[in-house]
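Shown next: query_24.cif, containing mmCIF, C-alpha atoms and all ligand atoms.
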```cif
data_start
#
loop_
_atom_site.label_atom_id
_atom_site.label_comp_id
_atom_site.auth_asym_id
_atom_site.auth_seq_id
_atom_site.Cartn_x
_atom_site.Cartn_y
_atom_site.Cartn_z
CA MET A 68 0.43 29.43 7.75
CA ALA A 69 -1.27 28.25 4.57
CA THR A 70 -4.92 27.49 5.04
CA THR A 71 -6.17 26.09 1.74
CA THR A 72 -3.47 23.98 0.19
CA CYS A 73 -0.65 22.94 2.46
CA GLU A 74 2.85 24.12 2.87
CA ILE A 75 5.31 22.07 0.94
CA ALA A 76 8.04 20.35 2.89
CA PRO A 77 10.83 19.34 0.54
CA ALA A 78 12.80 17.55 3.24
CA ASN A 79 9.88 15.22 3.88
CA PRO A 80 10.97 12.01 2.12
CA VAL A 81 7.50 11.29 0.74
CA GLU A 82 7.04 14.79 -0.71
CA GLN A 83 8.83 14.23 -4.02
CA PHE A 84 6.39 11.40 -4.80
CA LEU A 85 3.21 13.37 -4.15
CA ARG A 86 1.03 15.48 -6.36
CA THR A 87 1.07 18.13 -3.66
CA ASP A 88 -1.66 20.18 -5.31
CA ARG A 89 -4.03 17.35 -4.31
CA ILE A 90 -2.89 17.24 -0.69
CA PRO A 91 -4.53 17.12 1.84
CA HIS A 92 -5.98 13.88 0.54
CA ILE A 93 -9.52 12.62 1.05
CA TRP A 94 -8.63 9.75 3.37
CA CYS A 95 -10.25 9.89 6.77
CA PRO A 96 -8.40 10.65 10.01
CA GLY A 97 -6.77 7.39 11.12
CA CYS A 98 -7.12 5.65 7.75
CA GLY A 99 -4.07 3.50 7.05
CA ILE A 100 -3.77 3.96 3.30
CA GLY A 101 -1.41 6.95 3.63
CA THR A 102 0.85 4.96 5.94
CA SER A 103 1.24 2.28 3.29
CA VAL A 104 2.11 5.01 0.77
CA ASN A 105 4.97 6.09 3.06
CA CYS A 106 6.31 2.54 3.01
CA PHE A 107 6.02 2.30 -0.76
CA THR A 108 7.81 5.60 -1.32
CA ARG A 109 10.53 4.79 1.25
CA ALA A 110 11.10 1.53 -0.62
CA LEU A 111 11.59 3.48 -3.87
CA ILE A 112 14.07 5.81 -2.16
CA GLU A 113 16.03 2.99 -0.56
CA LEU A 114 16.21 1.12 -3.87
CA ASP A 115 17.24 4.29 -5.67
CA ALA A 116 14.66 3.18 -8.23
CA ASP A 117 14.54 4.68 -11.71
CA LEU A 118 11.20 6.46 -11.42
CA ASP A 119 10.74 6.62 -15.17
CA LYS A 120 10.56 2.84 -15.14
CA ILE A 121 7.83 2.53 -12.52
CA ALA A 122 4.12 2.61 -13.22
CA VAL A 123 1.39 2.44 -10.60
CA VAL A 124 -2.07 1.23 -11.52
CA SER A 125 -5.09 1.48 -9.24
CA GLY A 126 -8.73 0.58 -9.57
CA ILE A 127 -11.56 2.38 -7.79
CA GLY A 128 -12.06 2.84 -4.07
CA CYS A 129 -10.39 4.78 -1.29
CA SER A 130 -7.31 2.61 -1.84
CA GLY A 131 -7.63 3.22 -5.56
CA ARG A 132 -6.94 6.88 -4.92
CA VAL A 133 -3.27 6.09 -4.38
CA ALA A 134 -2.59 6.36 -8.10
CA GLY A 135 -4.09 9.84 -8.10
CA TYR A 136 -1.82 11.10 -5.33
CA LEU A 137 1.44 9.62 -6.56
CA LYS A 138 3.58 11.78 -8.84
CA LEU A 139 4.73 8.79 -10.88
CA ASP A 140 3.34 7.38 -14.09
CA SER A 141 0.16 6.41 -12.32
CA PHE A 142 -3.13 5.27 -13.74
CA HIS A 143 -6.49 5.37 -12.05
CA THR A 144 -8.51 2.82 -13.97
CA THR A 145 -12.08 1.52 -13.66
CA HIS A 146 -13.38 -0.58 -10.80
CA GLY A 147 -11.83 -4.04 -10.71
CA ARG A 148 -9.80 -3.48 -13.85
CA ALA A 149 -6.42 -2.44 -12.49
CA ILE A 150 -4.94 -5.86 -13.23
CA PRO A 151 -6.11 -6.11 -16.85
CA PHE A 152 -4.87 -2.57 -17.46
CA ALA A 153 -1.55 -3.41 -15.81
CA THR A 154 -1.32 -6.62 -17.83
CA GLY A 155 -1.61 -4.72 -21.08
CA LEU A 156 0.93 -2.18 -19.89
CA LYS A 157 3.40 -4.88 -18.89
CA LEU A 158 3.04 -6.77 -22.16
CA ALA A 159 3.57 -3.65 -24.24
CA ARG A 160 6.35 -2.28 -22.03
CA PRO A 161 8.07 -5.26 -20.43
CA GLU A 162 10.91 -3.07 -19.17
CA LEU A 163 8.57 -1.28 -16.75
CA THR A 164 8.03 -2.30 -13.15
CA VAL A 165 4.26 -2.35 -12.97
CA VAL A 166 2.73 -1.97 -9.51
CA VAL A 167 -0.97 -2.56 -8.89
CA TYR A 168 -2.10 -0.68 -5.79
CA SER A 169 -5.73 -1.17 -4.86
CA GLY A 170 -8.34 -2.32 -2.37
CA ASP A 171 -9.62 -5.73 -1.33
CA GLY A 172 -13.01 -5.09 -2.93
CA ASP A 173 -11.49 -3.85 -6.16
CA LEU A 174 -9.01 -6.71 -6.45
CA PHE A 175 -11.02 -9.63 -5.06
CA ALA A 176 -14.71 -8.88 -5.61
CA ILE A 177 -15.28 -7.27 -9.00
CA GLY A 178 -11.63 -7.85 -9.96
CA GLY A 179 -11.18 -11.33 -8.50
CA ASN A 180 -11.26 -13.09 -11.82
CA HIS A 181 -8.49 -10.89 -13.20
CA PHE A 182 -6.40 -11.48 -10.11
CA ILE A 183 -6.47 -15.27 -10.33
CA HIS A 184 -5.69 -15.32 -14.03
CA ALA A 185 -2.80 -12.90 -13.77
CA ALA A 186 -1.42 -15.07 -10.95
CA ARG A 187 -1.99 -18.26 -12.95
CA ARG A 188 -0.19 -16.81 -15.95
CA ASN A 189 2.59 -15.43 -13.75
CA ILE A 190 2.46 -11.99 -15.27
CA ASP A 191 5.21 -9.89 -13.71
CA LEU A 192 2.98 -7.54 -11.69
CA LYS A 193 3.57 -6.31 -8.15
CA VAL A 194 0.23 -6.20 -6.38
CA ILE A 195 -0.23 -4.25 -3.14
CA CYS A 196 -3.70 -4.83 -1.70
CA ILE A 197 -5.01 -2.57 1.05
CA ASN A 198 -7.33 -4.84 3.00
CA ASN A 199 -9.62 -2.85 5.26
CA PHE A 200 -12.26 -5.62 5.34
CA ILE A 201 -14.94 -3.49 3.70
CA TYR A 202 -15.97 -1.41 0.70
CA GLY A 203 -14.90 1.92 2.13
CA MET A 204 -15.57 4.39 -0.61
CA THR A 205 -19.16 3.36 -1.28
CA GLY A 206 -20.28 3.47 2.34
CA GLY A 207 -19.33 0.21 4.04
CA GLN A 208 -20.85 -2.72 2.15
CA VAL A 209 -19.74 -6.28 2.86
CA ALA A 210 -16.56 -7.31 1.00
CA PRO A 211 -15.11 -10.74 0.20
CA THR A 212 -12.76 -10.13 3.12
CA THR A 213 -15.31 -9.06 5.75
CA PRO A 214 -14.94 -11.27 8.82
CA VAL A 215 -17.85 -13.49 9.86
CA SER A 216 -20.28 -11.66 12.18
CA ALA A 217 -18.99 -8.19 11.28
CA ILE A 218 -21.63 -5.52 10.67
CA ALA A 219 -21.66 -3.85 7.27
CA THR A 220 -24.43 -1.77 5.69
CA THR A 221 -25.44 -4.83 3.66
CA THR A 222 -25.08 -7.22 6.61
CA PRO A 223 -26.85 -5.29 9.37
CA PHE A 224 -27.21 -8.44 11.49
CA GLY A 225 -23.67 -9.64 10.93
CA SER A 226 -21.95 -11.17 7.93
CA PHE A 227 -22.48 -14.90 7.57
CA GLU A 228 -20.28 -15.33 4.48
CA PRO A 229 -16.90 -16.95 4.95
CA PRO A 230 -14.21 -14.48 3.82
CA PHE A 231 -11.29 -15.19 1.52
CA ASN A 232 -7.90 -15.83 3.05
CA LEU A 233 -6.03 -13.69 0.53
CA PRO A 234 -2.52 -15.16 0.86
CA GLN A 235 -3.93 -18.65 0.41
CA LEU A 236 -5.99 -17.55 -2.59
CA ALA A 237 -2.95 -15.86 -4.15
CA GLU A 238 -0.71 -18.87 -3.65
CA ALA A 239 -3.32 -21.32 -4.93
CA ALA A 240 -3.80 -19.22 -8.06
CA GLY A 241 -0.07 -19.27 -8.74
CA ALA A 242 1.50 -16.17 -7.19
CA THR A 243 5.26 -16.56 -6.79
CA PHE A 244 5.64 -14.14 -3.88
CA VAL A 245 3.07 -13.71 -1.14
CA ALA A 246 3.34 -11.65 2.04
CA ARG A 247 1.13 -9.96 4.58
CA TRP A 248 1.84 -7.06 6.91
CA THR A 249 -0.30 -4.47 8.63
CA THR A 250 0.11 -0.70 8.62
CA TYR A 251 1.65 -1.08 12.06
CA HIS A 252 4.60 -2.95 10.48
CA VAL A 253 6.03 0.00 8.58
CA ARG A 254 9.64 -1.17 8.52
CA GLN A 255 8.79 -4.74 7.59
CA LEU A 256 6.36 -3.59 4.93
CA THR A 257 8.99 -1.28 3.42
CA ARG A 258 11.50 -4.12 3.35
CA THR A 259 9.04 -6.52 1.72
CA ILE A 260 8.00 -3.95 -0.90
CA LYS A 261 11.69 -3.49 -1.73
CA GLU A 262 12.12 -7.21 -2.09
CA MET A 263 9.05 -7.44 -4.27
CA LEU A 264 10.14 -4.59 -6.55
CA LYS A 265 13.48 -6.25 -7.13
CA ARG A 266 12.13 -9.65 -8.12
CA LYS A 267 10.30 -11.02 -11.14
CA GLY A 268 6.96 -12.78 -11.23
CA PHE A 269 3.43 -12.22 -10.00
CA SER A 270 3.84 -10.89 -6.47
CA PHE A 271 1.28 -10.07 -3.84
CA ILE A 272 1.43 -8.15 -0.57
CA GLU A 273 -1.67 -7.87 1.57
CA VAL A 274 -1.62 -4.84 3.88
CA LEU A 275 -4.18 -4.88 6.68
CA SER A 276 -5.24 -1.31 7.19
CA PRO A 277 -7.60 0.57 9.51
CA CYS A 278 -10.89 1.91 8.16
CA PRO A 279 -12.23 3.68 11.23
CA THR A 280 -15.08 5.36 9.41
CA LEU A 281 -16.83 2.54 7.63
CA PHE A 282 -15.61 -0.68 9.16
CA GLN A 283 -14.59 -0.03 12.73
CA ARG A 284 -17.28 2.42 13.75
CA ARG A 285 -20.12 0.00 12.99
CA ASN A 286 -18.21 -2.78 14.68
CA LYS A 287 -17.36 -0.74 17.77
CA GLN A 288 -13.64 -1.14 17.20
CA GLY A 289 -12.62 2.42 17.96
CA ASP A 290 -10.48 4.70 15.85
CA GLY A 291 -7.49 4.19 13.57
CA LEU A 292 -5.08 4.22 16.47
CA ALA A 293 -7.08 1.47 18.20
CA ALA A 294 -6.71 -0.69 15.08
CA MET A 295 -2.97 -0.02 14.99
CA LYS A 296 -2.61 -1.05 18.63
CA MET A 297 -4.70 -4.13 17.93
CA TYR A 298 -2.39 -5.08 15.04
CA LYS A 299 0.60 -4.58 17.30
CA GLN A 300 -0.91 -6.77 19.96
CA LEU A 301 -2.37 -9.56 17.82
CA SER A 302 0.19 -9.92 15.04
CA LYS A 303 2.55 -12.83 15.01
CA THR A 304 5.36 -12.94 12.47
CA ARG A 305 5.69 -16.35 10.87
CA ASN A 306 7.79 -16.14 7.74
CA GLY A 307 7.24 -19.18 5.56
CA ALA A 308 3.97 -20.09 7.28
CA PRO A 309 1.76 -22.33 5.13
CA THR A 310 -0.85 -19.96 3.70
CA ALA A 311 -3.61 -22.37 4.72
CA GLU A 312 -2.78 -21.33 8.28
CA THR A 313 -3.02 -17.58 7.70
CA ALA A 314 -6.79 -17.08 7.78
CA ILE A 315 -7.84 -14.08 9.86
CA GLU A 316 -10.13 -15.33 12.59
CA GLN A 317 -11.55 -13.70 15.66
CA GLY A 318 -9.63 -14.36 18.83
CA LYS A 319 -6.66 -15.78 16.92
CA PRO A 320 -3.34 -14.09 16.21
CA ILE A 321 -2.97 -12.28 12.89
CA ILE A 322 -0.25 -14.16 11.03
CA VAL A 323 2.08 -11.78 9.19
CA GLY A 324 5.30 -12.24 7.26
CA LYS A 325 6.51 -13.48 3.93
CA PHE A 326 4.83 -16.76 3.12
CA VAL A 327 5.76 -17.65 -0.46
CA ASP A 328 8.84 -16.86 -2.56
CA ILE A 329 9.29 -19.21 -5.51
CA GLU A 330 10.21 -19.05 -9.18
CA ARG A 331 8.07 -20.10 -12.11
CA PRO A 332 8.26 -19.39 -15.86
CA SER A 333 6.73 -15.99 -16.58
CA TYR A 334 3.95 -15.31 -19.06
CA LEU A 335 6.17 -13.18 -21.27
CA GLY A 336 9.03 -15.66 -21.14
CA SER A 337 6.78 -18.59 -21.97
CA MET A 338 5.10 -16.65 -24.75
CA GLU A 339 8.40 -15.69 -26.35
CA GLN A 340 9.71 -19.21 -26.05
CA MET A 341 6.63 -20.83 -27.59
CA LEU A 342 6.16 -18.30 -30.36
CA SER A 343 9.77 -18.02 -31.38
CA SER A 344 10.09 -21.81 -31.47
CA ARG A 345 6.96 -22.10 -33.61
CA LEU A 346 7.38 -19.01 -35.78
CA GLY A 347 11.15 -18.64 -35.97
CA ASP A 348 12.15 -15.40 -37.68
CA ARG A 349 8.57 -14.40 -38.20
CA TYR A 350 8.22 -13.75 -34.49
CA VAL A 351 8.95 -10.13 -33.58
CA HIS A 352 10.09 -9.63 -29.99
CA VAL A 353 8.26 -6.89 -28.20
CA GLU A 354 11.49 -4.87 -27.73
CA ASN A 355 11.81 -4.75 -31.53
CA LEU A 356 8.37 -3.31 -32.10
CA GLU A 357 8.11 0.15 -33.53
CA TRP A 358 7.26 2.02 -30.34
CA HIS A 359 10.39 0.87 -28.54
CA MET B 42 22.42 19.00 20.50
CA PRO B 43 19.71 16.38 19.92
CA LYS B 44 20.38 13.63 17.38
CA GLY B 45 17.42 14.56 15.26
CA THR B 46 14.81 17.15 14.39
CA VAL B 47 11.14 16.61 13.82
CA THR B 48 9.09 18.89 11.57
CA ILE B 49 5.31 19.12 11.73
CA ILE B 50 3.16 20.41 8.89
CA ALA B 51 0.24 21.24 11.14
CA GLU B 52 -2.21 22.15 8.39
CA ARG B 53 -2.05 18.66 6.89
CA CYS B 54 -2.63 16.87 10.18
CA LYS B 55 -5.89 15.05 10.92
CA GLY B 56 -5.02 14.27 14.51
CA CYS B 57 -4.92 10.45 14.29
CA GLY B 58 -2.23 10.25 16.96
CA PHE B 59 -0.11 7.58 15.23
CA CYS B 60 3.08 9.64 15.57
CA VAL B 61 2.48 10.34 19.24
CA GLU B 62 1.86 6.67 20.00
CA PHE B 63 4.69 5.17 17.98
CA CYS B 64 7.51 7.67 18.53
CA PRO B 65 9.98 5.41 20.34
CA THR B 66 11.35 8.22 22.51
CA LYS B 67 8.03 9.97 23.19
CA VAL B 68 8.94 13.32 21.70
CA LEU B 69 5.38 14.29 20.78
CA GLU B 70 1.98 14.99 22.27
CA LEU B 71 -1.26 16.06 20.64
CA SER B 72 -1.69 19.74 21.29
CA THR B 73 -4.87 21.34 22.53
CA ALA B 74 -4.67 23.90 19.73
CA PHE B 75 -6.65 23.43 16.51
CA ASN B 76 -5.47 23.67 12.94
CA SER B 77 -7.73 25.37 10.43
CA LYS B 78 -9.60 22.11 9.73
CA GLY B 79 -10.35 21.66 13.41
CA TYR B 80 -7.91 18.88 14.20
CA HIS B 81 -5.39 18.80 17.03
CA PRO B 82 -1.94 18.44 15.49
CA PRO B 83 0.95 17.09 17.57
CA HIS B 84 3.52 19.37 19.11
CA VAL B 85 7.01 18.67 20.33
CA VAL B 86 7.28 18.24 24.08
CA ALA B 87 10.74 16.69 24.33
CA PRO B 88 12.86 17.94 21.42
CA GLU B 89 16.07 16.76 23.06
CA LYS B 90 14.90 13.15 22.79
CA CYS B 91 14.38 13.13 19.02
CA SER B 92 16.71 10.65 17.33
CA GLY B 93 15.61 11.62 13.81
CA CYS B 94 14.52 8.03 13.15
CA ASP B 95 11.54 9.27 11.07
CA LEU B 96 9.23 6.60 12.42
CA CYS B 97 6.66 9.40 12.84
CA GLY B 98 7.05 10.12 9.12
CA MET B 99 6.63 6.46 8.24
CA TYR B 100 3.41 6.22 10.23
CA CYS B 101 1.83 9.56 9.37
CA PRO B 102 -1.04 8.80 6.95
CA ASP B 103 -1.33 12.49 6.12
CA PHE B 104 2.33 13.16 5.22
CA ALA B 105 2.27 15.82 7.94
CA ILE B 106 5.39 15.04 9.96
CA TYR B 107 8.90 13.78 9.43
CA GLY B 108 12.13 13.42 11.28
CA VAL B 109 15.67 13.95 10.04
CA LYS B 110 18.94 13.09 11.67
CA ASN B 111 20.89 16.23 12.49
CA GLY B 112 23.82 16.83 10.21
CA ASN B 113 22.05 14.78 7.54
CA ALA B 114 19.42 17.15 6.22
CA SER B 115 19.46 15.52 2.80
CA SER B 116 17.47 12.40 3.79
CA GLY B 117 14.65 13.60 1.59
CA GLU B 118 16.93 14.10 -1.37
CA ASP B 119 14.86 14.89 -4.43
CA LYS B 120 15.29 12.02 -6.86
CA LYS B 121 13.30 13.74 -9.56
CA ASN B 122 15.74 16.63 -9.73
CA LYS B 123 18.84 14.51 -9.61
C1 LIG A 401 -18.39 -1.04 -12.16
C2 LIG A 401 -18.51 -0.40 -10.82
N1 LIG A 401 -19.24 -1.04 -9.87
C3 LIG A 401 -19.35 -0.52 -8.63
C4 LIG A 401 -18.71 0.66 -8.32
C5 LIG A 401 -18.86 1.25 -6.95
N2 LIG A 401 -17.68 1.09 -6.13
C6 LIG A 401 -16.73 2.06 -6.06
S1 LIG A 401 -15.50 1.69 -4.98
C7 LIG A 401 -16.24 0.21 -4.59
C8 LIG A 401 -15.63 -0.71 -3.58
C9 LIG A 401 -14.29 -0.36 -3.12
O1 LIG A 401 -13.85 -1.23 -2.13
P1 LIG A 401 -12.34 -1.54 -1.92
O2 LIG A 401 -11.71 -1.94 -3.19
O3 LIG A 401 -12.23 -2.50 -0.79
O4 LIG A 401 -11.68 -0.13 -1.58
P2 LIG A 401 -11.77 0.79 -0.29
O5 LIG A 401 -12.68 1.92 -0.66
O6 LIG A 401 -12.27 -0.02 0.85
O7 LIG A 401 -10.36 1.23 -0.11
C10 LIG A 401 -17.42 0.03 -5.30
C11 LIG A 401 -18.29 -1.15 -5.16
C12 LIG A 401 -17.97 1.30 -9.34
N3 LIG A 401 -17.30 2.43 -9.11
N4 LIG A 401 -17.88 0.73 -10.57
S1 LIG A 402 -13.68 5.24 4.36
FE1 LIG A 402 -12.19 3.90 5.33
S2 LIG A 402 -10.76 3.33 3.70
FE2 LIG A 402 -11.91 5.10 2.98
S3 LIG A 402 -10.62 6.88 3.51
FE3 LIG A 402 -12.06 6.55 5.20
S4 LIG A 402 -10.99 5.25 6.65
FE4 LIG A 402 -9.88 5.12 4.71
#
```

As structure tokens, please, write out the structure in this file.
Amino acid sequence: MATTTCEIAPANPVEQFLRTDRIPHIWCPGCGIGTSVNCFTRALIELDADLDKIAVVSGIGCSGRVAGYLKLDSFHTTHGRAIPFATGLKLARPELTVVVYSGDGDLFAIGGNHFIHAARRNIDLKVICINNFIYGMTGGQVAPTTPVSAIATTTPFGSFEPPFNLPQLAEAAGATFVARWTTYHVRQLTRTIKEMLKRKGFSFIEVLSPCPTLFQRRNKQGDGLAAMKMYKQLSKTRNGAPTAETAIEQGKPIIVGKFVDIERPSYLGSMEQMLSSRLGDRYVHVENLEWH
Amino acid sequence: MPKGTVTIIAERCKGCGFCVEFCPTKVLELSTAFNSKGYHPPHVVAPEKCSGCDLCGMYCPDFAIYGVKNGNASSGEDKKNK
């Protein structure tokens, strides 16, 4: 049996999407990020997606490592800047399906401003946010998603900041597709990722995910499996629930499902419409630019 | 013949137990043996019950296990080489 790198298992559905030379990955035992990667890759298989037309962009953090492990056109950018990078990519290559795969800290703390503006503009990005309620990679500092009273290294007596309700934030900023699942809901998450990849418009899926090492341990919530059982027990599927009712609060059910699915003019569409009406022939469509 | 076959890549496993817990037909248990990183990988205790549903593969955060339906070994068809 191999001891350093691992045996390769070609029949494993996820294998073809992995940079196997980097496996085993750095994620902790019981971390949920890898589970979400299974769902993402199963969605690509089930859609029979053209892999040359998919790009994955991550920021920094444990969740940000996803880009590094995926054998796709994947980009590991700087902290908080996955969305601006993805925006540029999408504008220059509108034919690509651009997926942003990153953490709650990356997307909503340092990157929060980029998130709301990409949603407002309705840039056609597919955002998958791993929400583990903490900054994992840097040692467990409070995040904009940390529940009230939770212990983090920077809130040793309990957090007293109200957290964001991410689906509500996404909808308010203009996202056209908003859903939440947990890593327990592998089938539902796969289905929703498929739906998201097929549609147009700024789309957002929040994935609640265990972080046994830096969130749960300090909060005496057991291991990864304990978090998975807790999700199973506390989750309540309410498709179409008003996002104002999806806040995660102690002692209340975790509302999961697809909450928003609407259509709105896209940034690229609106740009083309405005500029071609104002500039006429002088406007060069992006598909006609030299690099295409 | 069972409906499915489960394959374990023991060296990748970090012993989280997700597969053992969520296998709908309870095919797996964590073994008492260690892999070279010191984790207890699962082992198959009821092979005849495997339906090949691959729920273990969906849950496994370490890409260390997967199930295939028997007579359908191509479920992990390699898209890149198509
Ligand atoms: C500009 C900059 N500021 C701060 C950091 C340190 N840093 C790295 S990851 C991270 C937080 C990651 O949290 P999250 O996005 O929730 O990902 P997780 O590790 O929890 O998956 C921080 C603050 C950095 N790398 N760059
Ligand atoms: S610190 Fe938390 S988020 Fe990071 S790999 Fe470990 S369990 Fe996962």

Please find the residues of chain A near chain B - the criterion being any atom within 7 Å, counting all atoms listed in the file - and write them as a PyMOL selection string.
chain A and resi 70+73+77-80+83+91+96-102+105-106+253+291-292

Return as a list of chain:residue names every polymer residue, whether protein, DNA or RNA, with at least one atom no more than 6 Å from an atom of ligand LIG 401 (chain A); count all atoms listed in the file.
A:Ile127, A:Gly128, A:Cys129, A:Ser130, A:His146, A:Gly170, A:Asp171, A:Gly172, A:Asp173, A:Asn199, A:Ile201, A:Tyr202, A:Gly203, A:Met204, A:Thr205

How many Å separate atom CA of Pro277 of chain A from atom CA of Gly126 of chain A?
19.1 Å

Mind checking which residues fall within 12 Å of Tyr136 of chain A, counting only C-alpha atoms, ignoring those fewer than 4 positions away in the same chain, and posting them as a PDB file with C-alpha atoms, keeping the file's coordinate frame?
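See selection_36.pdb below for the written result:
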```pdb
ATOM      1  CA  VAL A  81       7.500  11.290   0.740  1.00  0.00           C
ATOM      2  CA  GLU A  82       7.040  14.790  -0.710  1.00  0.00           C
ATOM      3  CA  GLN A  83       8.830  14.230  -4.020  1.00  0.00           C
ATOM      4  CA  PHE A  84       6.390  11.400  -4.800  1.00  0.00           C
ATOM      5  CA  LEU A  85       3.210  13.370  -4.150  1.00  0.00           C
ATOM      6  CA  ARG A  86       1.030  15.480  -6.360  1.00  0.00           C
ATOM      7  CA  THR A  87       1.070  18.130  -3.660  1.00  0.00           C
ATOM      8  CA  ASP A  88      -1.660  20.180  -5.310  1.00  0.00           C
ATOM      9  CA  ARG A  89      -4.030  17.350  -4.310  1.00  0.00           C
ATOM     10  CA  ILE A  90      -2.890  17.240  -0.690  1.00  0.00           C
ATOM     11  CA  PRO A  91      -4.530  17.120   1.840  1.00  0.00           C
ATOM     12  CA  HIS A  92      -5.980  13.880   0.540  1.00  0.00           C
ATOM     13  CA  ILE A  93      -9.520  12.620   1.050  1.00  0.00           C
ATOM     14  CA  TRP A  94      -8.630   9.750   3.370  1.00  0.00           C
ATOM     15  CA  ILE A 100      -3.770   3.960   3.300  1.00  0.00           C
ATOM     16  CA  GLY A 101      -1.410   6.950   3.630  1.00  0.00           C
ATOM     17  CA  VAL A 104       2.110   5.010   0.770  1.00  0.00           C
ATOM     18  CA  ASN A 105       4.970   6.090   3.060  1.00  0.00           C
ATOM     19  CA  THR A 108       7.810   5.600  -1.320  1.00  0.00           C
ATOM     20  CA  VAL A 123       1.390   2.440 -10.600  1.00  0.00           C
ATOM     21  CA  VAL A 124      -2.070   1.230 -11.520  1.00  0.00           C
ATOM     22  CA  SER A 125      -5.090   1.480  -9.240  1.00  0.00           C
ATOM     23  CA  CYS A 129     -10.390   4.780  -1.290  1.00  0.00           C
ATOM     24  CA  SER A 130      -7.310   2.610  -1.840  1.00  0.00           C
ATOM     25  CA  GLY A 131      -7.630   3.220  -5.560  1.00  0.00           C
ATOM     26  CA  ARG A 132      -6.940   6.880  -4.920  1.00  0.00           C
ATOM     27  CA  ASP A 140       3.340   7.380 -14.090  1.00  0.00           C
ATOM     28  CA  SER A 141       0.160   6.410 -12.320  1.00  0.00           C
ATOM     29  CA  PHE A 142      -3.130   5.270 -13.740  1.00  0.00           C
ATOM     30  CA  HIS A 143      -6.490   5.370 -12.050  1.00  0.00           C
ATOM     31  CA  TYR A 168      -2.100  -0.680  -5.790  1.00  0.00           C
TER      32      TYR A 168
ATOM     33  CA  ASP B 103      -1.330  12.490   6.120  1.00  0.00           C
ATOM     34  CA  PHE B 104       2.330  13.160   5.220  1.00  0.00           C
TER      35      PHE B 104
END
```

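Separating atom CA of Glu70 of chain B from atom CA of Cys95 of chain A is a distance of 20.4 Å.
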
Could you tell me how far atom CA of Val327 of chain A lies from atom CA of Ala153 of chain A, in Å and to one decimal?
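These two atoms are separated by 22.2 Å.
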
Using all atoms listed in the file, which of the listed residues (A:Ile197, A:Val323, A:Ala308, A:Ile272) sits closest to ligand LIG 402 (chain A)?
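Closest to ligand LIG 402 (chain A) of all the choices is A:Ile197.
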
Here is a test: counting only C-alpha atoms and all ligand atoms, which residue of A:Thr154, A:Asn180, A:Thr257, A:Ser276 is nearest to ligand LIG 402 (chain A)?
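Under the stated criterion, the closest residue is A:Ser276.
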
Neighbours of Glu354 of chain A within 10 Å (all atoms listed in the file; same-chain residues fewer than 5 positions away dropped), as a ChimeraX atom specification?
/A:159-162,359

For segment 219-234 of chain A, work out the shell of residues within 9 Å, counting only C-alpha atoms and skipping chain neighbours fewer than 6 positions away, then give it as a PyMOL selection string.
chain A and resi 171+175+201+206-213+245-247+271-273+281-282+285-286+310-311+313-315+326-327

All residues 10 Å or closer to Val85 of chain B, all atoms listed in the file, same chain fewer than 4 positions away omitted, as a ChimeraX atom specification
/B:46-49,61,67-72,89-91

Could segment 344-351 of chain A be completed with N, CA, C and O atoms and returned as a JSON list (two decimals), keeping the file's coordinate frame?
```json
[["chain", "number", "residue", "atom", "x", "y", "z"],
["A", 344, "SER", "N", 9.80, -20.45, -31.00],
["A", 344, "SER", "CA", 10.09, -21.81, -31.47],
["A", 344, "SER", "C", 9.14, -22.21, -32.60],
["A", 344, "SER", "O", 9.53, -22.92, -33.51],
["A", 345, "ARG", "N", 7.92, -21.72, -32.56],
["A", 345, "ARG", "CA", 6.96, -22.10, -33.61],
["A", 345, "ARG", "C", 7.08, -21.23, -34.86],
["A", 345, "ARG", "O", 6.84, -21.67, -35.97],
["A", 346, "LEU", "N", 7.41, -19.95, -34.64],
["A", 346, "LEU", "CA", 7.38, -19.01, -35.78],
["A", 346, "LEU", "C", 8.77, -18.65, -36.31],
["A", 346, "LEU", "O", 8.89, -18.06, -37.37],
["A", 347, "GLY", "N", 9.79, -18.96, -35.52],
["A", 347, "GLY", "CA", 11.15, -18.64, -35.97],
["A", 347, "GLY", "C", 11.30, -17.15, -36.21],
["A", 347, "GLY", "O", 10.88, -16.33, -35.39],
["A", 348, "ASP", "N", 11.88, -16.80, -37.36],
["A", 348, "ASP", "CA", 12.15, -15.40, -37.68],
["A", 348, "ASP", "C", 10.90, -14.54, -37.80],
["A", 348, "ASP", "O", 10.97, -13.32, -37.76],
["A", 349, "ARG", "N", 9.79, -15.19, -38.03],
["A", 349, "ARG", "CA", 8.57, -14.40, -38.20],
["A", 349, "ARG", "C", 8.10, -13.79, -36.89],
["A", 349, "ARG", "O", 7.26, -12.91, -36.86],
["A", 350, "TYR", "N", 8.63, -14.29, -35.78],
["A", 350, "TYR", "CA", 8.22, -13.75, -34.49],
["A", 350, "TYR", "C", 9.00, -12.48, -34.16],
["A", 350, "TYR", "O", 10.22, -12.49, -34.14],
["A", 351, "VAL", "N", 8.29, -11.40, -33.91],
["A", 351, "VAL", "CA", 8.95, -10.13, -33.58],
["A", 351, "VAL", "C", 8.90, -9.93, -32.06],
["A", 351, "VAL", "O", 7.82, -9.85, -31.48]]
```
